[in-house]
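Data file: data.txt. Format and content: compact mmCIF, C-alpha atoms.
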```txt
# COMPACT_ATOMS: atom_id res chain seq x y z
CA MET M 18 -43.48 -1.40 1.14
CA SER M 19 -45.76 -2.27 4.03
CA SER M 20 -43.24 -4.17 6.11
CA TRP M 21 -39.52 -4.64 6.39
CA PRO M 22 -37.77 -7.59 4.67
CA LYS M 23 -37.54 -10.73 6.78
CA PRO M 24 -34.45 -12.91 7.00
CA PRO M 25 -34.90 -16.13 5.04
CA GLY M 26 -35.32 -19.51 6.72
CA GLY M 27 -35.42 -20.33 10.40
CA ALA M 28 -38.43 -20.42 12.68
CA ARG M 29 -40.09 -17.03 12.74
CA HIS M 30 -41.04 -16.72 16.37
CA SER M 31 -41.13 -14.01 18.96
CA ALA M 32 -40.99 -14.55 22.71
CA CYS M 33 -42.51 -11.97 25.06
CA HIS M 34 -39.84 -10.26 27.18
CA PHE M 35 -42.11 -10.17 30.22
CA CYS M 36 -43.82 -13.56 30.30
CA ASP M 37 -41.90 -15.67 27.72
CA THR M 38 -45.06 -16.59 25.78
CA LEU M 39 -44.12 -17.84 22.32
CA HIS M 40 -45.80 -16.17 19.35
CA ARG M 41 -45.67 -16.89 15.66
CA PHE M 42 -44.20 -13.88 13.87
CA SER M 43 -46.67 -12.10 11.64
CA THR M 44 -46.13 -9.30 9.17
CA LEU M 45 -47.38 -5.95 10.38
CA GLU M 46 -48.77 -3.04 8.41
CA GLU M 47 -47.03 0.29 8.92
CA GLY M 48 -47.98 1.95 12.18
CA MET M 49 -49.19 -1.31 13.76
CA ALA M 50 -47.84 -2.99 16.87
CA ALA M 51 -47.95 -6.61 18.02
CA ARG M 52 -48.76 -7.23 21.68
CA CYS M 53 -48.47 -10.35 23.80
CA VAL M 54 -51.71 -12.35 24.02
CA ARG M 55 -51.04 -13.20 27.65
CA CYS M 56 -49.65 -10.10 29.37
CA GLY M 57 -50.23 -7.36 26.78
CA GLY M 58 -46.54 -6.45 26.63
CA LEU M 59 -45.21 -4.95 23.40
CA LEU M 60 -43.62 -7.58 21.14
CA TYR M 61 -42.60 -5.56 18.10
CA GLN M 62 -43.79 -2.67 15.97
CA ASN M 63 -43.65 -1.52 12.40
CA ARG M 64 -42.89 2.16 12.62
CA PRO M 65 -43.13 4.12 9.38
CA ALA M 66 -39.86 5.29 7.80
CA SER M 67 -37.97 4.08 10.84
CA LEU M 68 -34.47 4.10 9.37
CA ALA M 69 -34.89 7.54 7.83
CA ARG M 70 -36.26 8.96 11.07
CA ALA M 71 -33.57 7.41 13.22
CA SER M 72 -30.78 8.65 10.92
CA ALA M 73 -32.24 12.13 10.50
CA PHE M 74 -32.89 12.71 14.21
CA SER M 75 -29.49 11.28 15.17
CA LEU M 76 -27.72 13.48 12.66
CA ALA M 77 -29.54 16.54 14.00
CA ALA M 78 -28.62 15.53 17.57
CA LEU M 79 -24.95 15.13 16.61
CA LEU M 80 -24.88 18.54 14.91
CA LEU M 81 -26.54 20.17 17.93
CA MET M 82 -23.84 18.71 20.18
CA VAL M 83 -21.40 21.20 18.66
CA PRO M 84 -23.12 24.33 20.07
CA VAL M 85 -23.79 22.40 23.31
CA HIS M 86 -20.05 22.24 23.93
CA ALA M 87 -19.18 25.59 22.36
CA PHE M 88 -21.64 27.82 24.26
CA PRO M 89 -22.51 28.05 27.98
CA PHE M 90 -25.74 26.64 29.45
CA LEU M 91 -25.95 29.39 32.04
CA THR M 92 -24.12 32.66 32.61
CA MET M 93 -24.02 34.04 36.13
CA ASP M 94 -23.02 37.59 37.07
CA ALA M 95 -22.25 38.05 40.75
CA ALA M 96 -20.03 40.52 42.58
CA THR M 97 -18.19 41.70 39.45
CA MET M 98 -17.47 38.08 38.48
CA ARG M 99 -18.89 36.16 35.54
CA ARG M 100 -19.15 32.37 35.59
CA ASN M 101 -20.20 30.13 32.69
CA LEU M 102 -21.62 26.63 32.88
CA THR M 103 -20.80 23.94 30.32
CA LEU M 104 -21.08 20.16 30.52
CA ALA M 105 -17.32 19.67 30.46
CA GLY M 106 -16.92 22.54 32.94
CA ALA M 107 -19.31 20.95 35.42
CA ALA M 108 -17.47 17.64 35.12
CA THR M 109 -13.99 19.10 35.52
CA SER M 110 -15.02 21.27 38.51
CA LEU M 111 -16.30 18.18 40.29
CA MET M 112 -13.05 16.37 39.54
CA GLU M 113 -10.96 19.29 40.81
CA GLU M 114 -13.04 19.65 43.97
CA GLY M 115 -12.45 16.08 45.06
CA ALA M 116 -15.34 14.20 43.48
CA PRO M 117 -13.77 12.48 40.45
CA ILE M 118 -16.39 9.72 40.28
CA LEU M 119 -19.25 12.21 40.13
CA GLY M 120 -17.40 14.19 37.46
CA ALA M 121 -16.91 11.04 35.43
CA SER M 122 -20.59 10.15 35.79
CA ILE M 123 -21.57 13.53 34.30
CA ILE M 124 -19.25 12.90 31.35
CA LEU M 125 -20.61 9.37 30.94
CA PHE M 126 -24.34 10.09 31.23
CA THR M 127 -24.56 13.43 29.39
CA ILE M 128 -21.69 13.37 26.87
CA VAL M 129 -20.60 9.80 26.10
CA THR M 130 -23.99 8.03 26.13
CA PRO M 131 -25.76 10.47 23.77
CA LEU M 132 -22.72 10.30 21.47
CA VAL M 133 -22.75 6.49 21.41
CA LEU M 134 -26.51 6.44 20.82
CA ALA M 135 -26.67 9.08 18.10
CA GLY M 136 -23.37 8.15 16.45
CA GLY M 137 -24.21 4.45 16.58
CA MET M 138 -27.61 5.01 15.06
CA ILE M 139 -26.14 6.93 12.12
CA TYR M 140 -23.41 4.33 11.62
CA VAL M 141 -25.96 1.49 11.58
CA CYS M 142 -29.14 3.02 10.11
CA LEU M 143 -27.83 5.28 7.36
CA PRO M 144 -26.08 2.50 5.35
CA LEU M 145 -29.02 0.15 6.09
CA MET M 146 -31.31 2.54 4.19
CA PHE M 147 -29.33 1.52 1.11
CA GLY M 148 -29.20 -2.13 2.09
CA ARG M 149 -25.57 -1.95 3.24
CA VAL M 150 -23.97 -2.98 6.51
CA PHE M 151 -20.77 -1.31 7.69
CA PRO M 152 -18.20 -3.51 9.49
CA GLY M 153 -18.89 -3.86 13.19
CA SER M 154 -22.52 -2.79 12.87
CA PHE M 155 -23.71 -5.68 15.04
CA THR M 156 -21.38 -4.68 17.87
CA VAL M 157 -22.34 -1.02 17.52
CA ALA M 158 -26.05 -1.90 17.62
CA LYS M 159 -25.49 -3.98 20.75
CA TRP M 160 -23.77 -1.07 22.51
CA MET M 161 -26.52 1.27 21.38
CA TYR M 162 -29.12 -0.79 23.19
CA ARG M 163 -26.90 -1.16 26.24
CA SER M 164 -26.33 2.58 26.54
CA GLU M 165 -29.97 3.57 26.06
CA PRO M 166 -31.09 3.52 29.73
CA TRP M 167 -28.05 5.60 30.72
CA ASN M 168 -28.87 8.52 28.45
CA MET M 169 -29.68 11.31 30.95
CA VAL M 170 -29.90 14.39 28.75
CA GLU M 171 -33.38 15.35 29.95
CA VAL M 172 -32.46 14.76 33.60
CA PHE M 173 -29.52 17.15 33.29
CA LEU M 174 -31.77 19.79 31.73
CA LEU M 175 -34.15 19.56 34.69
CA GLY M 176 -31.08 19.84 36.93
CA VAL M 177 -30.14 23.09 35.16
CA LEU M 178 -33.62 24.48 35.89
CA VAL M 179 -33.41 23.54 39.58
CA SER M 180 -29.93 25.11 39.82
CA LEU M 181 -31.24 28.24 38.15
CA LEU M 182 -33.81 28.65 40.91
CA LYS M 183 -31.15 28.09 43.57
CA LEU M 184 -28.77 30.60 41.94
CA ALA M 185 -31.38 33.27 41.22
CA LYS M 186 -31.29 34.17 44.92
CA VAL M 187 -27.59 35.04 44.92
CA ALA M 188 -26.89 36.36 41.43
CA ASP M 189 -28.06 37.39 37.98
CA VAL M 190 -28.45 34.25 35.89
CA HIS M 191 -29.16 34.00 32.16
CA PHE M 192 -29.80 31.06 29.87
CA GLY M 193 -27.17 30.54 27.17
CA ILE M 194 -27.24 28.98 23.71
CA GLY M 195 -25.87 25.74 25.17
CA PHE M 196 -29.06 25.20 27.16
CA TRP M 197 -31.31 25.57 24.11
CA ALA M 198 -29.01 23.41 21.98
CA PHE M 199 -29.07 20.69 24.65
CA SER M 200 -32.88 20.91 24.74
CA GLY M 201 -32.72 20.28 20.99
CA VAL M 202 -30.43 17.29 21.56
CA MET M 203 -32.99 15.94 24.05
CA LEU M 204 -35.86 16.21 21.55
CA CYS M 205 -33.81 14.71 18.70
CA MET M 206 -32.63 11.81 20.84
CA ALA M 207 -36.23 11.11 21.86
CA GLY M 208 -37.27 11.21 18.19
CA ALA M 209 -34.45 8.90 17.14
CA VAL M 210 -35.06 6.35 19.90
CA ALA M 211 -38.81 6.41 19.21
CA GLY M 212 -38.18 6.06 15.48
CA ILE M 213 -36.84 2.56 15.35
CA ASP M 214 -37.97 -0.79 16.65
CA ARG M 215 -35.53 -3.40 17.90
CA GLU M 216 -36.97 -6.35 15.97
CA GLU M 217 -36.99 -4.41 12.71
CA LEU M 218 -33.43 -3.10 13.08
CA TRP M 219 -32.00 -6.55 13.77
CA ASP M 220 -34.04 -8.19 10.99
CA ARG M 221 -32.77 -5.62 8.51
CA LEU M 222 -29.19 -6.10 9.73
CA GLU M 223 -29.53 -9.85 9.30
CA VAL M 224 -30.95 -9.50 5.77
CA ALA M 225 -28.30 -7.03 4.64
CA LYS M 226 -25.41 -8.94 6.23
CA PRO M 227 -22.84 -9.75 3.54
CA MET Y 8 -48.95 -29.25 33.82
CA SER Y 9 -50.00 -28.01 30.41
CA ALA Y 10 -49.85 -24.25 30.39
CA PRO Y 11 -52.62 -22.48 28.48
CA PHE Y 12 -50.03 -20.35 26.74
CA PRO Y 13 -46.97 -21.92 25.09
CA LYS Y 14 -43.71 -20.80 26.67
CA ALA Y 15 -40.52 -20.47 24.71
CA ALA Y 16 -38.53 -21.97 27.60
CA ASP Y 17 -40.67 -25.16 27.61
CA ARG Y 18 -39.51 -25.85 24.05
CA GLY Y 19 -35.89 -25.08 24.81
CA LEU Y 20 -36.14 -21.78 22.96
CA ALA Y 21 -34.74 -18.52 24.28
CA GLY Y 22 -35.44 -14.98 23.17
CA CYS Y 23 -32.13 -13.10 22.90
CA HIS Y 24 -31.83 -10.36 25.54
CA THR Y 25 -30.14 -8.06 23.02
CA CYS Y 26 -31.77 -8.59 19.63
CA GLY Y 27 -34.93 -10.54 20.51
CA ARG Y 28 -34.34 -13.40 18.08
CA VAL Y 29 -35.78 -16.71 19.29
CA SER Y 30 -33.28 -19.55 18.99
CA PRO Y 31 -32.65 -22.93 20.66
CA VAL Y 32 -30.86 -22.27 23.95
CA ALA Y 33 -28.55 -25.20 23.19
CA LEU Y 34 -26.71 -22.98 20.69
CA GLY Y 35 -25.19 -21.05 23.61
CA ARG Y 36 -24.91 -17.83 21.68
CA CYS Y 37 -27.44 -15.96 19.57
CA PRO Y 38 -26.79 -16.81 15.89
CA ARG Y 39 -27.72 -13.25 14.92
CA CYS Y 40 -25.98 -10.91 17.34
CA GLY Y 41 -23.65 -13.22 19.28
CA SER Y 42 -24.99 -12.46 22.75
CA ARG Y 43 -25.20 -15.26 25.29
CA LEU Y 44 -28.56 -17.09 25.33
CA HIS Y 45 -30.38 -17.89 28.57
CA LEU Y 46 -33.83 -19.29 29.24
CA ARG Y 47 -33.86 -16.98 32.27
CA LYS Y 48 -31.25 -14.44 33.34
CA PRO Y 49 -28.81 -16.45 35.48
CA ALA Y 50 -28.88 -15.83 39.26
CA SER Y 51 -31.31 -13.00 38.69
CA ILE Y 52 -32.88 -13.00 42.18
CA GLU Y 53 -29.55 -13.25 44.01
CA GLY Y 54 -28.04 -10.50 41.88
CA THR Y 55 -31.05 -8.23 42.29
CA ILE Y 56 -31.09 -8.71 46.08
CA ALA Y 57 -27.35 -8.06 46.39
CA LEU Y 58 -27.45 -4.86 44.34
CA MET Y 59 -30.60 -3.73 46.14
CA ALA Y 60 -29.12 -4.37 49.58
CA ALA Y 61 -26.08 -2.30 48.65
CA ALA Y 62 -28.38 0.48 47.44
CA ALA Y 63 -30.46 0.33 50.62
CA ALA Y 64 -27.30 0.53 52.74
CA LEU Y 65 -26.20 3.66 50.86
CA TYR Y 66 -29.66 5.26 51.00
CA ILE Y 67 -29.32 6.28 54.67
CA PRO Y 68 -25.88 7.97 54.48
CA SER Y 69 -26.92 9.61 51.20
CA HIS Y 70 -29.57 11.55 53.10
CA LEU Y 71 -27.66 12.12 56.34
CA LEU Y 72 -24.36 13.30 54.85
CA PRO Y 73 -24.14 16.68 53.10
CA ILE Y 74 -24.32 16.58 49.30
CA MET Y 75 -22.61 19.95 49.11
CA THR Y 76 -20.92 22.48 51.37
CA VAL Y 77 -21.50 26.20 50.85
CA MET Y 78 -18.90 28.70 52.08
CA GLU Y 79 -20.40 32.19 52.10
CA LEU Y 80 -18.27 35.04 53.51
CA GLY Y 81 -16.46 32.63 55.79
CA ALA Y 82 -19.61 30.95 57.10
CA VAL Y 83 -19.84 27.24 56.27
CA THR Y 84 -23.19 25.48 55.78
CA HIS Y 85 -23.64 21.80 54.97
CA ASN Y 86 -26.55 21.05 52.64
CA THR Y 87 -28.35 17.72 52.66
CA ILE Y 88 -30.88 16.64 50.03
CA ILE Y 89 -33.76 16.96 52.51
CA GLY Y 90 -32.47 20.35 53.69
CA GLY Y 91 -32.36 21.63 50.12
CA MET Y 92 -35.90 20.45 49.54
CA LEU Y 93 -37.14 22.13 52.74
CA THR Y 94 -35.48 25.42 51.72
CA PHE Y 95 -37.41 25.41 48.46
CA TRP Y 96 -40.62 24.52 50.31
CA ARG Y 97 -40.24 27.33 52.86
CA SER Y 98 -39.45 29.89 50.17
CA GLY Y 99 -42.70 28.96 48.44
CA ALA Y 100 -41.19 27.12 45.45
CA TYR Y 101 -43.56 24.19 45.94
CA PRO Y 102 -43.30 22.59 42.46
CA ILE Y 103 -39.50 22.39 42.70
CA ALA Y 104 -39.70 21.06 46.25
CA ILE Y 105 -42.09 18.36 45.05
CA VAL Y 106 -39.81 17.47 42.11
CA ILE Y 107 -36.82 17.07 44.45
CA PHE Y 108 -38.87 15.11 46.98
CA THR Y 109 -40.11 12.76 44.26
CA ALA Y 110 -36.82 12.29 42.41
CA SER Y 111 -34.47 12.06 45.40
CA ILE Y 112 -36.46 10.66 48.30
CA LEU Y 113 -39.57 8.91 47.02
CA ILE Y 114 -38.34 7.19 43.83
CA PRO Y 115 -35.24 5.49 45.32
CA PHE Y 116 -37.30 4.33 48.29
CA LEU Y 117 -40.14 3.08 46.08
CA LYS Y 118 -37.66 1.33 43.77
CA ILE Y 119 -36.09 -0.58 46.64
CA ALA Y 120 -39.54 -1.44 48.05
CA ALA Y 121 -40.88 -2.50 44.63
CA LEU Y 122 -37.83 -4.66 43.83
CA SER Y 123 -38.08 -6.35 47.25
CA TRP Y 124 -41.73 -7.15 46.56
CA LEU Y 125 -40.87 -8.40 43.06
CA CYS Y 126 -38.12 -10.66 44.42
CA ALA Y 127 -40.51 -12.02 47.07
CA ALA Y 128 -43.11 -12.73 44.38
CA ALA Y 129 -40.57 -14.31 42.03
CA THR Y 130 -39.43 -16.73 44.74
CA GLY Y 131 -43.01 -17.62 45.69
CA LYS Y 132 -43.04 -15.87 49.09
CA VAL Y 133 -46.06 -13.78 48.15
CA HIS Y 134 -48.77 -14.41 45.58
CA PRO Y 135 -47.52 -13.41 42.14
CA SER Y 136 -49.89 -11.16 40.26
CA PRO Y 137 -47.69 -10.62 37.22
CA ALA Y 138 -49.86 -8.09 35.40
CA ALA Y 139 -49.77 -5.59 38.28
CA LEU Y 140 -46.21 -6.42 39.29
CA GLY Y 141 -45.07 -6.17 35.68
CA ARG Y 142 -46.42 -2.66 35.55
CA ILE Y 143 -44.52 -1.82 38.76
CA TYR Y 144 -41.35 -3.27 37.22
CA TRP Y 145 -41.78 -1.25 34.04
CA PHE Y 146 -42.40 1.88 36.11
CA THR Y 147 -39.27 1.41 38.25
CA GLU Y 148 -37.15 0.97 35.12
CA LEU Y 149 -38.66 4.12 33.63
CA LEU Y 150 -38.23 6.40 36.64
CA GLY Y 151 -34.82 5.32 37.88
CA ARG Y 152 -32.75 7.79 35.87
CA TRP Y 153 -34.60 10.84 37.17
CA SER Y 154 -33.05 10.45 40.61
CA MET Y 155 -29.73 11.62 39.14
CA ILE Y 156 -31.09 15.17 39.10
CA ASP Y 157 -29.60 16.10 42.50
CA ILE Y 158 -26.16 14.86 41.44
CA PHE Y 159 -26.33 17.08 38.36
CA VAL Y 160 -27.45 20.03 40.51
CA VAL Y 161 -24.39 19.53 42.73
CA GLY Y 162 -22.15 19.45 39.65
CA ILE Y 163 -23.70 22.63 38.27
CA MET Y 164 -23.51 24.50 41.59
CA VAL Y 165 -19.89 23.47 42.17
CA SER Y 166 -18.97 24.59 38.67
CA VAL Y 167 -20.76 27.94 38.69
CA VAL Y 168 -20.47 29.10 42.30
CA GLN Y 169 -16.70 29.63 42.53
CA LEU Y 170 -16.67 33.29 43.55
CA GLY Y 171 -13.46 33.39 45.59
CA ASN Y 172 -13.92 34.75 49.11
CA TYR Y 173 -17.50 35.72 48.48
CA MET Y 174 -19.03 32.29 47.96
CA THR Y 175 -17.82 28.81 46.99
CA VAL Y 176 -19.53 25.41 46.77
CA THR Y 177 -17.77 22.06 47.18
CA PRO Y 178 -19.27 18.58 46.72
CA GLY Y 179 -19.98 16.50 49.85
CA PRO Y 180 -19.76 12.77 50.54
CA GLY Y 181 -23.57 12.42 50.45
CA ALA Y 182 -23.52 13.07 46.71
CA LEU Y 183 -21.30 10.07 46.02
CA ALA Y 184 -23.49 7.87 48.23
CA PHE Y 185 -26.59 9.08 46.45
CA ALA Y 186 -25.10 8.49 42.98
CA GLY Y 187 -24.34 4.97 44.23
CA VAL Y 188 -27.99 4.48 45.21
CA VAL Y 189 -29.19 5.55 41.75
CA VAL Y 190 -26.72 3.46 39.75
CA LEU Y 191 -27.12 0.38 41.96
CA THR Y 192 -30.94 0.46 41.80
CA MET Y 193 -30.74 0.83 38.02
CA PHE Y 194 -28.50 -2.23 37.77
CA ALA Y 195 -30.78 -4.10 40.20
CA ALA Y 196 -33.84 -3.37 38.04
CA MET Y 197 -31.97 -4.55 34.92
CA ARG Y 198 -30.87 -7.72 36.69
CA PHE Y 199 -34.42 -8.68 37.64
CA GLU Y 200 -36.13 -11.29 35.47
CA PRO Y 201 -39.87 -10.53 35.11
CA ARG Y 202 -40.53 -13.89 33.45
CA LEU Y 203 -39.99 -15.57 36.83
CA LEU Y 204 -43.26 -13.99 38.01
CA TRP Y 205 -45.19 -15.79 35.28
CA ASP Y 206 -43.31 -19.02 35.99
CA ARG Y 207 -44.49 -18.86 39.62
CA LEU Y 208 -48.06 -18.20 38.48
CA ASP Y 209 -47.95 -21.32 36.28
CA ASP Y 210 -46.55 -23.34 39.21
CA LEU Y 211 -49.63 -22.62 41.29
CA PRO Y 212 -52.08 -25.53 41.72
CA ALA Y 213 -54.72 -25.76 39.03
CA ALA Y 214 -57.46 -25.00 41.60
CA THR Y 215 -56.79 -21.30 41.09
CA PRO Y 216 -57.58 -20.40 37.48
CA PRO Y 217 -54.38 -19.11 35.92
CA ASN Y 218 -56.16 -16.55 33.82
CA PRO Y 219 -59.81 -15.42 33.60
CA THR Y 220 -59.66 -15.48 29.82
CA ASN Y 221 -58.36 -19.02 29.68
CA PRO Y 222 -58.98 -20.29 26.15
CA GLU Y 223 -58.88 -23.96 27.20
CA PRO Y 224 -62.19 -25.85 26.93
```

Render the structure in this file as C-alpha cells.
Amino acid sequence: MSSWPKPPGGARHSACHFCDTLHRFSTLEEGMAARCVRCGGLLYQNRPASLARASAFSLAALLLMVPVHAFPFLTMDAATMRRNLTLAGAATSLMEEGAPILGASIILFTIVTPLVLAGGMIYVCLPLMFGRVFPGSFTVAKWMYRSEPWNMVEVFLLGVLVSLLKLAKVADVHFGIGFWAFSGVMLCMAGAVAGIDREELWDRLEVAKP
Amino acid sequence: MSAPFPKAADRGLAGCHTCGRVSPVALGRCPRCGSRLHLRKPASIEGTIALMAAAAALYIPSHLLPIMTVMELGAVTHNTIIGGMLTFWRSGAYPIAIVIFTASILIPFLKIAALSWLCAAATGKVHPSPAALGRIYWFTELLGRWSMIDIFVVGIMVSVVQLGNYMTVTPGPGALAFAGVVVLTMFAAMRFEPRLLWDRLDDLPAATPPNPTNPEP
C-alpha cells in the first residue's frame, strides 16, 4: 500500500499551520512529504510503516522505563557514604527540602509525560494496525499531542552529565544502569515521535472509527 | 483584495489545532476530534504578551537569587546560575560553561526578545517578514525545553549531595523563579499565532509585491 486509507466524503483539504494557505489534499507515496506552496512549512508526510514503528518504539520505551526506576542513574561514594540518584529520588528530595513545585515538575516532565506519550501511542497505534479503535482513542491521541512539547527526557540526561562534572570534584561518581536505560528511553521516544505523522494518525482513526 | 494564495479563513474554513482537519468554522467543534475550532487562536497577542511579561519579570530574580545553597563543613555558599557557569569557565570546563550559558541565560532572553518582535510584527508595528520570523518562531518553540537543564541539575544535586555534616545542598528561591521563566515562555510560544504574520503581510498595500514568486499574471 502506497498511502494510508482516506476517510470517505467531505472536502479533502489541508490548511498550513503557519500561513493558513488552503491546499487540496493529494495522496503521497511512501517517504514523501507535502510542503506549503507559500511558506514552505510541512503540511503532512507519508512515513513508511508508521504505525508499526510508533508501536514498536513506544513498547521498547515502556519496557526500558522499568530499569530506569529500578536502578540508579548515578552512584556517589564520598566520606564513607554512598548516595544513589533516581528520578523519583530527585523529585522527593526536592519536595522534602522545601521545593514541592520543582519536585512535581521533575515528576511531570520526566516520568508522567513520557508515560503518557509512549503508553498513549501503544494504546492508539497498536489496535489501529489491525484496523481497530479502542474506546477513548481520540481523547488519548489528543493528550498525546498536548504532552509532546513537555517531554524532557533528553534535557534531564544532559542535566545528569552537568551534575556529574560538578560532583566529580567532591566525590567518586559512577554511571548506573538507570542512566543507560533512560538514554534508551530517549532514543525510543525520538523514534516513536518521528515515526508517525499527525494527519495520517487522525485519518486512520477516522476511517477505523466504529 | 484578492490574495494570490487562497486562505482557509477567507472561506470560513479552519484547520483544527489538534488533528489538522479542515472544517467550516461555523461547526464550532472539529467533527473528527472534538476540539474547538478557531480561524485564529483567540486573544493570541494579548495572551502571549501577558505570559511573556510574567516571564520577563521572573527572569531578573531567577538570576539574582540563589538556585541552590551549599553547606560544606559549616560554611554556607549561595550559588546563582551565573556563578555556577563562571565556576565551570574558570576551572577550564568551557563546553559545559557554554551549554549552561546558552540554555539558562541566552535562550530565555532570546525567546522573550523574539516573542516581543513577533508580537510587534503581528500587530503591524514593524514590517512583517513571515518567512524569517516564522523560522524564529519555530526555533523558539524547539529550544524552549532545554532551559530546564539547570532545574534538573538542582534536583540531582539536592538528591545526591546529602552527606550529613560534611556537605548538603538545598534548593534556593532562584530555581523556582527560573522554572517559572521556562514554563511561562513555553506557554507564551504556544499561545502565539504565526498566521497573524501572514495576515499582516496580505494587509499591506499592493504597491509592495506580496511575494517575488507571485503566480498572478

What are the centre and edge lengths in Å, to one decimal, of the axis-aligned box around all listed atoms of range 10-27 of chain Y with 4 Å added on each side, as AutoDock Vina command-line options?
```
--center_x -41.4 --center_y -17.0 --center_z 25.0 --size_x 30.5 --size_y 25.8 --size_z 18.8
```

One decimal, in Å: what's the spacing between CA of Ala158 in chain M and CA of Ile52 in chain Y? 27.8 Å

Residues of chain M no more than 7 Å from chain Y, counting all atoms listed in the file: send them over as a PyMOL selection string. chain M and resi 30-32+35-39+56+100-102+106-108+110-111+114+116+119+155+159+169+172-173+175-177+179-180+215-216+219+223

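Reported to one decimal place, the separation of CA of Cys205 in chain M from CA of Leu45 in chain M is 26.1 Å.
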
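CA of Phe108 in chain Y is found 10.1 Å from CA of Trp96 in chain Y.
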
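With distances restricted to all atoms listed in the file, M:Met146 is the closest residue to Arg70 in chain M from M:Ser164, M:Phe88, M:Arg29, M:Met146.
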
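Proximity of Y:Thr76, Y:Val32, Y:Asn172, Y:Cys37 to Met98 in chain M, computed with all atoms listed in the file, is greatest for Y:Asn172.
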
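If you measure from each of M:Ala50, M:Ala71, M:Val85, M:Met93 to Ala188 in chain M using only C-alpha atoms, the closest one turns out to be M:Met93.
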
Of M:Ala73, M:Leu60, M:Val190, M:Leu222, the one nearest to Arg149 in chain M when counting only C-alpha atoms is M:Leu222

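The environment of Phe126 in chain M within 8 Å, counting only C-alpha atoms and disregarding residues fewer than 5 places along the same chain, consists of Pro131, Trp167, Asn168, Met169 and Val170 of chain M.
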
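All residues of protein, DNA or RNA that reach within 10 Å of range 57-59 of chain Y, judged by all atoms listed in the file and not counting those fewer than 4 positions away in the chain, are Ser51, Ile52, Glu53, Ala63, Ala64, Leu65, Lys118, Ile119, Ala120, Leu122, Ser123, Val188, Val190, Leu191, Thr192, Met193, Phe194, Ala195, Ala196 and Arg198 of chain Y.
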
Selection export as a PDB file, in the frame of the given file, atoms kept: C-alpha atoms:
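Produced file result_15.pdb, reproduced below:
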```pdb
ATOM      1  CA  SER Y  51     -31.310 -13.000  38.690  1.00  0.00           C
ATOM      2  CA  ILE Y  52     -32.880 -13.000  42.180  1.00  0.00           C
ATOM      3  CA  GLU Y  53     -29.550 -13.250  44.010  1.00  0.00           C
ATOM      4  CA  ALA Y  63     -30.460   0.330  50.620  1.00  0.00           C
ATOM      5  CA  ALA Y  64     -27.300   0.530  52.740  1.00  0.00           C
ATOM      6  CA  LEU Y  65     -26.200   3.660  50.860  1.00  0.00           C
ATOM      7  CA  LYS Y 118     -37.660   1.330  43.770  1.00  0.00           C
ATOM      8  CA  ILE Y 119     -36.090  -0.580  46.640  1.00  0.00           C
ATOM      9  CA  ALA Y 120     -39.540  -1.440  48.050  1.00  0.00           C
ATOM     10  CA  LEU Y 122     -37.830  -4.660  43.830  1.00  0.00           C
ATOM     11  CA  SER Y 123     -38.080  -6.350  47.250  1.00  0.00           C
ATOM     12  CA  VAL Y 188     -27.990   4.480  45.210  1.00  0.00           C
ATOM     13  CA  VAL Y 190     -26.720   3.460  39.750  1.00  0.00           C
ATOM     14  CA  LEU Y 191     -27.120   0.380  41.960  1.00  0.00           C
ATOM     15  CA  THR Y 192     -30.940   0.460  41.800  1.00  0.00           C
ATOM     16  CA  MET Y 193     -30.740   0.830  38.020  1.00  0.00           C
ATOM     17  CA  PHE Y 194     -28.500  -2.230  37.770  1.00  0.00           C
ATOM     18  CA  ALA Y 195     -30.780  -4.100  40.200  1.00  0.00           C
ATOM     19  CA  ALA Y 196     -33.840  -3.370  38.040  1.00  0.00           C
ATOM     20  CA  ARG Y 198     -30.870  -7.720  36.690  1.00  0.00           C
TER      21      ARG Y 198
END
```

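Closest to Thr147 in chain Y among M:Pro166, M:Gly195, M:Ser154, M:Leu91 is M:Pro166, based on all atoms listed in the file.
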
Could you write range 102-111 of chain Y as a PDB file, in the coordinates of the input, with N, CA and C atoms rebuilt where they are missing?
```pdb
ATOM      1  N   PRO Y 102     -43.504  23.593  43.515  1.00  0.00           N
ATOM      2  CA  PRO Y 102     -43.300  22.590  42.460  1.00  0.00           C
ATOM      3  C   PRO Y 102     -41.893  22.000  42.481  1.00  0.00           C
ATOM      4  N   ILE Y 103     -40.880  22.874  42.672  1.00  0.00           N
ATOM      5  CA  ILE Y 103     -39.500  22.390  42.700  1.00  0.00           C
ATOM      6  C   ILE Y 103     -39.266  21.503  43.919  1.00  0.00           C
ATOM      7  N   ALA Y 104     -39.847  21.880  45.057  1.00  0.00           N
ATOM      8  CA  ALA Y 104     -39.700  21.060  46.250  1.00  0.00           C
ATOM      9  C   ALA Y 104     -40.305  19.682  46.023  1.00  0.00           C
ATOM     10  N   ILE Y 105     -41.438  19.645  45.315  1.00  0.00           N
ATOM     11  CA  ILE Y 105     -42.090  18.360  45.050  1.00  0.00           C
ATOM     12  C   ILE Y 105     -41.262  17.531  44.071  1.00  0.00           C
ATOM     13  N   VAL Y 106     -40.672  18.194  43.057  1.00  0.00           N
ATOM     14  CA  VAL Y 106     -39.810  17.470  42.110  1.00  0.00           C
ATOM     15  C   VAL Y 106     -38.645  16.833  42.848  1.00  0.00           C
ATOM     16  N   ILE Y 107     -37.980  17.604  43.736  1.00  0.00           N
ATOM     17  CA  ILE Y 107     -36.820  17.070  44.450  1.00  0.00           C
ATOM     18  C   ILE Y 107     -37.243  15.951  45.401  1.00  0.00           C
ATOM     19  N   PHE Y 108     -38.381  16.153  46.078  1.00  0.00           N
ATOM     20  CA  PHE Y 108     -38.870  15.110  46.980  1.00  0.00           C
ATOM     21  C   PHE Y 108     -39.128  13.815  46.199  1.00  0.00           C
ATOM     22  N   THR Y 109     -39.786  13.945  45.047  1.00  0.00           N
ATOM     23  CA  THR Y 109     -40.110  12.760  44.260  1.00  0.00           C
ATOM     24  C   THR Y 109     -38.852  12.088  43.729  1.00  0.00           C
ATOM     25  N   ALA Y 110     -37.979  12.872  43.089  1.00  0.00           N
ATOM     26  CA  ALA Y 110     -36.820  12.290  42.410  1.00  0.00           C
ATOM     27  C   ALA Y 110     -35.800  11.738  43.398  1.00  0.00           C
ATOM     28  N   SER Y 111     -35.586  12.426  44.527  1.00  0.00           N
ATOM     29  CA  SER Y 111     -34.470  12.060  45.400  1.00  0.00           C
ATOM     30  C   SER Y 111     -34.866  11.229  46.602  1.00  0.00           C
TER      31      SER Y 111
END
```
